[in-house]
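Trainee: Sharing a structure below in structure tokens format, with a few things to ask.
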Amino acid sequence: MRIGPYSASKGRAMYRYDTFDQRLIDQRVAQFRDQTRRFLAGELTEDEFRPLRLQNGLYIQKHAPMFRISIPYGMLETRQLRKLAYVARRYDRGYGHFTTRQNLQLNWPRLEHVPDILAELATVQMHAIQTSGNCVRNVTSDHYAGVALDETADPRPYAELIRQWATFNPEFAYLPRKFKIAVTGATSDRAAVKIHDVGLQLVHDDAGDLGFRVLVGGGLGRTPIIGHVIREFLPRNEILNYLDAILRTYNRYGRRDNKWKARIKILVKDLTPARFAAEVEAEWAHAAGGAGTVPDEEFTRIAAFFEPPAYDAFAGDDSSYRAAIADNRGFANWVKRNVHPHKVPGYVIVSLSLKKTGVPPGDVTSDQMDAIADLADVYSFGEVGVSHEQNLILRDVRQRDAFALWSALKTLGLATPNIGLLTDIVCCPGGDFCSLANAKSIPIAQAIQQRFDDLDYLHDIGEIDLNMSGCMNACGQHHIGHIGILGVDKNGSEWYQVSIGGSQGNDAALGKVIGPSFAAHEMPAVVERLIDAYLTHRHDDERFIDTVQRLGIEPFKERVYVAAH
Amino acid sequence: MSQLIKQRLVTDDRWILVREAAALADLPDGVPVIVPLKLWIERRAALIARGDVGVWLAPDEDPAALASDVSRLPVIAIDFPQFTDGRGYSHARLLRDRHGYEGELRATGDVQRDQLYYLAQSGFDAFAIRDDKDAHDALAGLDDFSDGYQLTQQRTPWFRRRAANAPHPGDTWFPCA
């Protein structure tokens, strides 16, 4: 292992377990080991075991169990990434898939190995707790947390507090349906808080105190809904009491008669957001100021884990970096797409694209994981972030190191300069892996990537989100893609429904379906016609989504269907 | 007779859970009975006069219906038709925390080992283990975890206890590679 200048464990902005945290994780491993033993011995039926294994991340899928490892708010330290590499190599086929909720999925582990995998993960403070099942799932956040220019407050201490609150919460382990929470501390929402069951945005009130804007009832799936603000400002100390009130209201009144109407968004819609909010406020009134109120000292304690690393105070704006951009077109393209501004002078945020043409979106091999860990140790304080767009992030790279990092990433196939571009496709595992899927998604994504492989053309098209899901469960978040593709089943064959005009972030919106669905082989041409229509109609600096919002879907629809027939 | 775990012991259960009773005549004589909420509401005075009566709640029944009776009832049961229906956890919290119920709070129905820890944390202190399961085996479920982060019916949040429990001032860091 290469040891870089920043590889010392001190100064790393990560939460670290103490003996209390570790004991709970170890007890969980022992609990699940015994549950698995009892299942294999016939003492637990499949129906009895299912919720237990789901809450330990284990689905039974088309070919094998699918196992989802939690990456709380998308933060990894390098020893954790190396452990993931090891686990994928030893217990799977040497690769993993990063998901839109910042987790890692393995597609081929064996059920009887899962307790051992969990024990391995526990040695580096990792787990698969509540990564599936009808419970509070992994808390997600902004992949630029702590280093973004537009940050009101670092969301990670709050995400960690909520992680602890959610972990083995006795009252909320058997909810009507899954429950997802996202936290952002920035003015520009990169955590998709409006499409979560609960979205939390850190804000200041008029007095300058920190708290949350609370959104409830967003979600995609069969009934996509944008979340509603039920409270403009909640003092931060009350966050857990308020979450208790939301969850208790949902646990008691959410529908349990119909799986497709069981998410909190349906309850909020049925009650109306105002009445739902009133229920929550009444419930919260009993708890406010009580034992569940979080003292300031606890925020201070957790925030201490996320102190900025030991930045080079003299890093400054680097001339060699600017020279390399001027001299090397490949590097310049990569900087343009994959490098983002950092709040500290002389540093940048680097995205590692997991969207190379020919590789399933979000997939990384064990060898790549090890190599990324080495690079993160050398160049980024031993930390790696995961974005909900299924890419990896090195948050703290000195400008002067960027060229060397780029060179190394190129040889690893991780420097595709396409972050935010058409080929940076967000995609679920689809019918190749997932038993829920109606249709394959990865081959379609690859065919589209191949069609748009010309870099100049790709850069000319500019920023565009293309999201694809293999079924209504919308793991690929197709509703919020500027172009969204949904796999559907028609009489036993696979078809693809196309929507445009969706968006994530502050202006989150749901896409509109443009018309009848298409066969798989038509999809690259369909996307190409949508892009043609955009290039015809766009004003100077308009992105695809801006043109769609200005003109509506008609000109696009016309181009696609007229040309097709 | 169903197997009851109470005070961490498997005991004989002297209470009869009457799942359906439209009238007082449907109740067995001379034994303690746990009656449906509906019957309790309709025949409250007569049931109080009979004595040896508890009430059970279905998942969709509001525990607030018993708010004025909490000091009178020696047993309240909350039924779990399927263990995956988690409404009873919230209802237990409400009975204990909001309505101040201090008597026996019993989980009935699809009650198994792997839910006991969470049930106990939510305020249940008696568990009528499903007939086809071994109650002695189920007892172990109460000890799946030694503690937890949250405010529950049984404990204050860990963040309120951490400072007092840490063997050293400040934090106890777990040794890591």
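Simple scheme: letters A, B, ... for chains in structure tokens order, numbers from 1 for residues in each chain, numbers from 1 for ligands in the order shown.
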Check which residues of chain B sit at most 9 Å from chain A using only C-alpha atoms, and return one row each with the closest pair of atoms and their distance in Å to one decimal, ordered by chain and rising number, as CSV.
Mentor:
```
residue,atom,partner,partner_atom,distance
B:Pro59,CA,A:Arg252,CA,8.5
B:Asp60,CA,A:Arg252,CA,7.9
B:Phe83,CA,A:Tyr174,CA,8.0
B:Thr84,CA,A:Tyr174,CA,5.4
B:Asp85,CA,A:Tyr174,CA,6.0
B:Gly86,CA,A:Tyr174,CA,4.5
B:Arg87,CA,A:Arg252,CA,5.3
B:Gly88,CA,A:Arg252,CA,8.4
B:Tyr89,CA,A:Glu171,CA,5.2
B:Ser90,CA,A:Glu171,CA,6.0
B:His91,CA,A:Arg252,CA,8.0
B:Arg93,CA,A:Glu171,CA,8.1
B:Arg98,CA,A:His286,CA,8.1
B:Asp114,CA,A:Leu52,CA,8.1
B:Tyr117,CA,A:Pro170,CA,7.8
B:Tyr118,CA,A:Pro170,CA,4.4
B:Leu119,CA,A:Pro170,CA,7.1
B:Ala120,CA,A:Pro170,CA,8.7
B:Gln121,CA,A:Pro170,CA,6.4
B:Ser122,CA,A:Glu171,CA,6.3
B:Lys133,CA,A:Glu43,CA,9.0
B:Gly141,CA,A:Gln31,CA,8.8
B:Asp144,CA,A:Gln31,CA,6.3
B:Phe145,CA,A:Gln27,CA,6.1
B:Ser146,CA,A:Leu24,CA,7.6
B:Asp147,CA,A:Leu24,CA,7.5
B:Gly148,CA,A:Leu24,CA,7.3
B:Tyr149,CA,A:Gln164,CA,6.1
B:Gln150,CA,A:Trp165,CA,5.6
B:Leu151,CA,A:Gly292,CA,6.0
B:Thr152,CA,A:Pro170,CA,7.6
B:Thr156,CA,A:Ala291,CA,6.5
B:Pro157,CA,A:Gly292,CA,6.6
B:Phe159,CA,A:Glu298,CA,6.6
B:Arg160,CA,A:Ala291,CA,7.8
B:Arg162,CA,A:Phe20,CA,8.9
B:Asp171,CA,A:Asp18,CA,7.4
B:Thr172,CA,A:Asp18,CA,5.4
B:Trp173,CA,A:Asp18,CA,4.5
B:Phe174,CA,A:Asp18,CA,4.4
B:Pro175,CA,A:Asp18,CA,8.2
B:Cys176,CA,A:Val124,CA,7.5
B:Ala177,CA,A:Arg79,CA,8.1
```
Trainee: Save out the residues we just selected, C-alpha atoms, as a tab-separated table (two decimals), in the first residue's frame.
Mentor:
```tsv
chain	number	residue	atom	x	y	z
B	59	PRO	CA	-53.90	-2.53	15.45
B	60	ASP	CA	-56.45	-0.05	14.14
B	83	PHE	CA	-45.58	-9.34	13.31
B	84	THR	CA	-44.88	-7.09	10.32
B	85	ASP	CA	-47.73	-4.77	11.33
B	86	GLY	CA	-45.86	-2.34	13.59
B	87	ARG	CA	-48.69	-0.11	14.77
B	88	GLY	CA	-48.70	-1.78	18.18
B	89	TYR	CA	-45.23	-0.43	18.96
B	90	SER	CA	-46.49	3.15	18.74
B	91	HIS	CA	-49.65	2.27	20.65
B	93	ARG	CA	-45.56	4.00	23.67
B	98	ARG	CA	-49.00	9.59	27.24
B	114	ASP	CA	-37.01	-11.78	16.91
B	117	TYR	CA	-36.30	-6.68	22.15
B	118	TYR	CA	-38.06	-3.92	20.24
B	119	LEU	CA	-41.39	-4.77	21.89
B	120	ALA	CA	-39.85	-4.52	25.36
B	121	GLN	CA	-38.22	-1.21	24.51
B	122	SER	CA	-41.60	0.09	23.40
B	133	LYS	CA	-42.88	-21.36	19.00
B	141	GLY	CA	-34.59	-12.37	22.10
B	144	ASP	CA	-30.36	-9.24	21.42
B	145	PHE	CA	-29.01	-5.79	22.24
B	146	SER	CA	-27.54	-4.45	25.46
B	147	ASP	CA	-28.49	-0.83	24.79
B	148	GLY	CA	-29.43	1.59	22.04
B	149	TYR	CA	-29.30	5.19	20.90
B	150	GLN	CA	-32.90	6.28	21.12
B	151	LEU	CA	-35.26	7.59	23.69
B	152	THR	CA	-37.55	4.61	24.30
B	156	THR	CA	-33.28	7.97	27.86
B	157	PRO	CA	-31.28	8.63	24.69
B	159	PHE	CA	-26.59	11.17	24.17
B	160	ARG	CA	-27.99	12.00	27.62
B	162	ARG	CA	-22.86	9.01	27.30
B	171	ASP	CA	-14.80	10.07	24.45
B	172	THR	CA	-13.87	6.43	24.30
B	173	TRP	CA	-12.45	5.85	20.89
B	174	PHE	CA	-12.67	2.41	19.51
B	175	PRO	CA	-9.24	1.21	18.50
B	176	CYS	CA	-9.04	0.91	14.77
B	177	ALA	CA	-6.45	0.01	12.20
```
Trainee: Out of region 160-323 of chain A, which residues get strand (DSSP E or B) from DSSP, as a ChimeraX atom specification?
Mentor: /A:179,181-184,186,198-204,210-216,219,225,228-235
Trainee: Given the selection you just returned, output its residues as a file containing N, CA and C atoms, formatted as a CSV table (one decimal), in the first residue's frame.
Mentor:
```csv
chain,number,residue,atom,x,y,z
A,179,PHE,N,-38.7,3.9,4.3
A,179,PHE,CA,-38.7,5.3,4.7
A,179,PHE,C,-37.3,5.9,4.5
A,181,ILE,N,-34.7,9.2,4.3
A,181,ILE,CA,-34.4,10.6,4.7
A,181,ILE,C,-33.2,11.1,4.1
A,182,ALA,N,-33.2,12.3,3.6
A,182,ALA,CA,-32.1,13.0,3.0
A,182,ALA,C,-31.9,14.3,3.7
A,183,VAL,N,-30.6,14.7,3.9
A,183,VAL,CA,-30.3,16.0,4.5
A,183,VAL,C,-29.3,16.8,3.6
A,184,THR,N,-29.6,18.1,3.5
A,184,THR,CA,-28.7,19.0,2.8
A,184,THR,C,-28.4,20.2,3.6
A,186,ALA,N,-26.8,22.8,2.0
A,186,ALA,CA,-26.4,23.8,0.9
A,186,ALA,C,-27.6,24.5,0.4
A,198,VAL,N,-38.7,12.0,3.9
A,198,VAL,CA,-38.5,13.3,4.7
A,198,VAL,C,-37.2,13.9,4.1
A,199,GLY,N,-37.3,15.2,3.7
A,199,GLY,CA,-36.2,15.9,3.2
A,199,GLY,C,-35.9,17.0,4.2
A,200,LEU,N,-34.6,17.2,4.6
A,200,LEU,CA,-34.3,18.2,5.6
A,200,LEU,C,-33.2,19.1,5.0
A,201,GLN,N,-33.5,20.4,5.1
A,201,GLN,CA,-32.6,21.4,4.6
A,201,GLN,C,-32.2,22.3,5.8
A,202,LEU,N,-30.9,22.4,6.0
A,202,LEU,CA,-30.4,23.2,7.1
A,202,LEU,C,-30.5,24.7,6.7
A,203,VAL,N,-31.2,25.5,7.6
A,203,VAL,CA,-31.4,26.9,7.3
A,203,VAL,C,-31.2,27.7,8.6
A,204,HIS,N,-31.0,29.0,8.5
A,204,HIS,CA,-31.0,29.9,9.6
A,204,HIS,C,-32.3,30.6,9.7
A,210,LEU,N,-29.7,27.9,13.9
A,210,LEU,CA,-29.7,26.9,12.9
A,210,LEU,C,-30.9,25.9,13.1
A,211,GLY,N,-31.5,25.5,12.1
A,211,GLY,CA,-32.6,24.6,12.2
A,211,GLY,C,-32.8,24.0,10.8
A,212,PHE,N,-34.0,23.4,10.7
A,212,PHE,CA,-34.3,22.6,9.4
A,212,PHE,C,-35.6,23.1,8.8
A,213,ARG,N,-35.6,23.2,7.5
A,213,ARG,CA,-36.8,23.3,6.7
A,213,ARG,C,-37.2,21.8,6.5
A,214,VAL,N,-38.4,21.4,6.8
A,214,VAL,CA,-38.8,20.0,6.8
A,214,VAL,C,-39.8,19.8,5.7
A,215,LEU,N,-39.4,18.9,4.8
A,215,LEU,CA,-40.3,18.4,3.7
A,215,LEU,C,-40.7,17.0,4.0
A,216,VAL,N,-41.9,16.7,3.6
A,216,VAL,CA,-42.4,15.4,3.8
A,216,VAL,C,-43.2,14.9,2.6
A,219,GLY,N,-41.4,11.4,-3.2
A,219,GLY,CA,-41.0,10.1,-3.5
A,219,GLY,C,-41.3,9.8,-5.0
A,225,ILE,N,-44.3,12.0,-6.4
A,225,ILE,CA,-44.8,13.2,-5.8
A,225,ILE,C,-43.6,14.0,-5.3
A,228,HIS,N,-43.7,18.1,0.3
A,228,HIS,CA,-44.3,19.3,0.7
A,228,HIS,C,-43.5,19.9,2.0
A,229,VAL,N,-43.3,21.2,2.0
A,229,VAL,CA,-42.8,21.8,3.2
A,229,VAL,C,-43.8,21.7,4.3
A,230,ILE,N,-43.6,21.1,5.4
A,230,ILE,CA,-44.6,21.1,6.5
A,230,ILE,C,-44.1,22.0,7.6
A,231,ARG,N,-42.8,22.4,7.6
A,231,ARG,CA,-42.4,23.4,8.6
A,231,ARG,C,-41.2,24.1,8.0
A,232,GLU,N,-41.3,25.4,8.0
A,232,GLU,CA,-40.3,26.3,7.5
A,232,GLU,C,-39.0,26.3,8.3
A,233,PHE,N,-39.2,26.2,9.6
A,233,PHE,CA,-38.1,26.3,10.5
A,233,PHE,C,-38.3,25.4,11.8
A,234,LEU,N,-37.5,24.4,11.9
A,234,LEU,CA,-37.5,23.6,13.1
A,234,LEU,C,-36.2,23.8,13.8
A,235,PRO,N,-36.2,24.3,15.1
A,235,PRO,CA,-34.9,24.4,15.8
A,235,PRO,C,-34.1,23.0,15.8
```
Trainee: If we count only C-alpha atoms and set the cut-off at 7 Å, which residues sit around region 518-525 of chain A, ignoring sequence neighbours fewer than 6 positions away in its own chain? Please answer as JSON, numbers by chain.
Mentor: {"A": [444, 447, 448, 451, 494, 495, 496, 497]}
Trainee: Running DSSP on the backbone, which parts of region 203-339 of chain A land in alpha helix (DSSP H), as a PyMOL selection string?
Mentor: chain A and resi 239-253+264-271+273-287+296-303+319-327+329-338
Trainee: Write the residues you've just listed into a file as a PDB file, in the first residue's frame, and include C-alpha atoms for each of them.
Mentor:
```pdb
ATOM      1  CA  ILE A 239     -34.998  17.295  15.098  1.00  0.00           C
ATOM      2  CA  LEU A 240     -35.283  13.839  16.681  1.00  0.00           C
ATOM      3  CA  ASN A 241     -38.516  14.656  18.500  1.00  0.00           C
ATOM      4  CA  TYR A 242     -39.945  15.939  15.251  1.00  0.00           C
ATOM      5  CA  LEU A 243     -38.832  12.872  13.315  1.00  0.00           C
ATOM      6  CA  ASP A 244     -40.417  10.727  16.033  1.00  0.00           C
ATOM      7  CA  ALA A 245     -43.660  12.637  15.554  1.00  0.00           C
ATOM      8  CA  ILE A 246     -43.586  12.230  11.773  1.00  0.00           C
ATOM      9  CA  LEU A 247     -42.759   8.547  11.983  1.00  0.00           C
ATOM     10  CA  ARG A 248     -45.312   7.850  14.698  1.00  0.00           C
ATOM     11  CA  THR A 249     -48.029   9.537  12.659  1.00  0.00           C
ATOM     12  CA  TYR A 250     -47.012   7.524   9.625  1.00  0.00           C
ATOM     13  CA  ASN A 251     -46.651   4.275  11.554  1.00  0.00           C
ATOM     14  CA  ARG A 252     -50.143   4.628  12.994  1.00  0.00           C
ATOM     15  CA  TYR A 253     -52.051   5.962  10.015  1.00  0.00           C
ATOM     16  CA  ILE A 264     -45.961   8.282   3.518  1.00  0.00           C
ATOM     17  CA  LYS A 265     -46.568  10.364   0.393  1.00  0.00           C
ATOM     18  CA  ILE A 266     -49.985   8.718  -0.008  1.00  0.00           C
ATOM     19  CA  LEU A 267     -50.912   9.461   3.607  1.00  0.00           C
ATOM     20  CA  VAL A 268     -49.801  13.077   3.214  1.00  0.00           C
ATOM     21  CA  LYS A 269     -51.783  13.358  -0.008  1.00  0.00           C
ATOM     22  CA  ASP A 270     -54.901  11.724   1.450  1.00  0.00           C
ATOM     23  CA  LEU A 271     -54.856  13.825   4.620  1.00  0.00           C
ATOM     24  CA  PRO A 273     -50.173  18.294   3.758  1.00  0.00           C
ATOM     25  CA  ALA A 274     -51.780  20.831   6.111  1.00  0.00           C
ATOM     26  CA  ARG A 275     -53.679  18.223   8.099  1.00  0.00           C
ATOM     27  CA  PHE A 276     -50.712  15.901   8.141  1.00  0.00           C
ATOM     28  CA  ALA A 277     -48.597  18.760   9.458  1.00  0.00           C
ATOM     29  CA  ALA A 278     -51.185  19.480  12.153  1.00  0.00           C
ATOM     30  CA  GLU A 279     -51.081  15.830  13.302  1.00  0.00           C
ATOM     31  CA  VAL A 280     -47.309  15.952  13.475  1.00  0.00           C
ATOM     32  CA  GLU A 281     -47.263  19.254  15.348  1.00  0.00           C
ATOM     33  CA  ALA A 282     -49.758  17.908  17.900  1.00  0.00           C
ATOM     34  CA  GLU A 283     -47.658  14.799  18.422  1.00  0.00           C
ATOM     35  CA  TRP A 284     -44.447  16.803  18.632  1.00  0.00           C
ATOM     36  CA  ALA A 285     -45.971  19.137  21.249  1.00  0.00           C
ATOM     37  CA  HIS A 286     -45.909  16.243  23.734  1.00  0.00           C
ATOM     38  CA  ALA A 287     -42.192  15.651  23.234  1.00  0.00           C
ATOM     39  CA  ASP A 296     -26.079  21.704  21.919  1.00  0.00           C
ATOM     40  CA  GLU A 297     -23.177  19.772  23.439  1.00  0.00           C
ATOM     41  CA  GLU A 298     -24.159  16.695  21.450  1.00  0.00           C
ATOM     42  CA  PHE A 299     -24.021  18.654  18.194  1.00  0.00           C
ATOM     43  CA  THR A 300     -20.626  19.944  19.238  1.00  0.00           C
ATOM     44  CA  ARG A 301     -19.443  16.444  20.070  1.00  0.00           C
ATOM     45  CA  ILE A 302     -20.491  14.974  16.721  1.00  0.00           C
ATOM     46  CA  ALA A 303     -19.381  18.008  14.721  1.00  0.00           C
ATOM     47  CA  SER A 319      -0.127  28.108 -11.767  1.00  0.00           C
ATOM     48  CA  SER A 320       0.903  24.597 -12.838  1.00  0.00           C
ATOM     49  CA  TYR A 321      -2.754  23.602 -12.717  1.00  0.00           C
ATOM     50  CA  ARG A 322      -3.727  26.488 -14.966  1.00  0.00           C
ATOM     51  CA  ALA A 323      -0.842  25.731 -17.296  1.00  0.00           C
ATOM     52  CA  ALA A 324      -1.862  22.080 -17.598  1.00  0.00           C
ATOM     53  CA  ILE A 325      -5.400  23.130 -18.473  1.00  0.00           C
ATOM     54  CA  ALA A 326      -4.056  25.410 -21.192  1.00  0.00           C
ATOM     55  CA  ASP A 327      -1.667  22.803 -22.566  1.00  0.00           C
ATOM     56  CA  ARG A 329      -7.006  19.341 -24.015  1.00  0.00           C
ATOM     57  CA  GLY A 330      -7.811  15.989 -22.410  1.00  0.00           C
ATOM     58  CA  PHE A 331      -7.028  17.340 -18.973  1.00  0.00           C
ATOM     59  CA  ALA A 332      -8.941  20.538 -19.722  1.00  0.00           C
ATOM     60  CA  ASN A 333     -12.026  18.526 -20.742  1.00  0.00           C
ATOM     61  CA  TRP A 334     -11.810  16.505 -17.586  1.00  0.00           C
ATOM     62  CA  VAL A 335     -11.406  19.597 -15.409  1.00  0.00           C
ATOM     63  CA  LYS A 336     -14.355  21.210 -17.140  1.00  0.00           C
ATOM     64  CA  ARG A 337     -16.672  18.312 -16.367  1.00  0.00           C
ATOM     65  CA  ASN A 338     -15.271  16.392 -13.403  1.00  0.00           C
TER      66      ASN A 338
END
```
Trainee: Enter the distance from CA of Leu486 (chain A) to CA of Met472 (chain A), in Å, rounded to one decimal.
Mentor: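 CA of Met472 (chain A) lies 7.3 Å from CA of Leu486 (chain A).
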Trainee: In Å, with one decimal, what is the gap from CA of Ala135 (chain B) to CA of Gln112 (chain B)?
Mentor: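 Between these atoms lies a distance of 8.4 Å.
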Trainee: Near Arg96 (chain B), counting only C-alpha atoms, which residues have an atom at most 10 Å away, once you skip same-chain residues fewer than 5 positions from it, shown as an MDAnalysis selection string?
Mentor: chainID B and resid 70 91 101:103 105 122:124 153
Trainee: Write the residues of the preceding selection, restricted to N, CA and C atoms, as a short mmCIF file (atom, residue, chain, number, x, y, z; two decimals), in the first residue's frame.
Mentor:
```
data_model
loop_
_atom_site.label_atom_id
_atom_site.label_comp_id
_atom_site.auth_asym_id
_atom_site.auth_seq_id
_atom_site.Cartn_x
_atom_site.Cartn_y
_atom_site.Cartn_z
N VAL B 70 -56.85 3.64 32.55
CA VAL B 70 -55.52 3.03 32.73
C VAL B 70 -55.25 2.60 34.18
N HIS B 91 -48.54 2.26 19.70
CA HIS B 91 -49.65 2.27 20.65
C HIS B 91 -49.16 1.94 22.06
N TYR B 101 -50.16 4.45 31.63
CA TYR B 101 -50.53 3.09 32.03
C TYR B 101 -49.34 2.37 32.68
N GLU B 102 -49.59 1.77 33.85
CA GLU B 102 -48.50 1.11 34.58
C GLU B 102 -48.72 -0.37 34.81
N GLY B 103 -49.87 -0.88 34.34
CA GLY B 103 -50.16 -2.31 34.52
C GLY B 103 -49.43 -3.16 33.50
N LEU B 105 -48.61 -4.80 30.20
CA LEU B 105 -48.87 -4.51 28.79
C LEU B 105 -48.33 -5.70 27.99
N SER B 122 -40.44 -0.76 23.65
CA SER B 122 -41.60 0.09 23.40
C SER B 122 -42.57 0.11 24.57
N GLY B 123 -42.33 -0.73 25.58
CA GLY B 123 -43.16 -0.67 26.77
C GLY B 123 -43.90 -1.95 27.12
N PHE B 124 -43.79 -2.98 26.29
CA PHE B 124 -44.42 -4.26 26.63
C PHE B 124 -43.62 -4.94 27.73
N GLN B 153 -39.30 3.74 25.69
CA GLN B 153 -40.08 3.69 26.93
C GLN B 153 -39.20 3.23 28.09
#
```
Trainee: Which residues are close to Ile129 (chain A), i.e. within 7 Å by only C-alpha atoms, leaving aside same-chain residues fewer than 3 positions away? Reply as number ranges by chain.
Mentor: A: 55-57, 70
Trainee: Do a neighbour search on region 80-96 of chain A at 10 Å with only C-alpha atoms, toss out local chain neighbours closer than 2 positions, and write the hits as a PyMOL selection string.
Mentor: chain A and resi 67-69+71+75-78+98-99+103-110+113-114+116-118+120-126+362-374+382-384
Trainee: Report, in Å with one decimal, the straight-line distance from CA of Arg50 (chain B) to CA of Arg72 (chain B).
Mentor: 12.8 Å
Trainee: Give me the residues within 12 Å of Arg538 (chain A) as a VMD selection string, counting only C-alpha atoms and dropping any in the same chain fewer than 2 places off.
Mentor: chain A and resid 460 to 462 530 to 536 540 to 551 555 to 556
Trainee: Compare B:Ala65, B:Leu95, B:Ala128, B:Leu139 by their minimum atom-to-atom distance to Asp12 (chain B), counting only C-alpha atoms, and give me the closest one.
Mentor: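 The closest residue to Asp12 (chain B) is B:Ala128.
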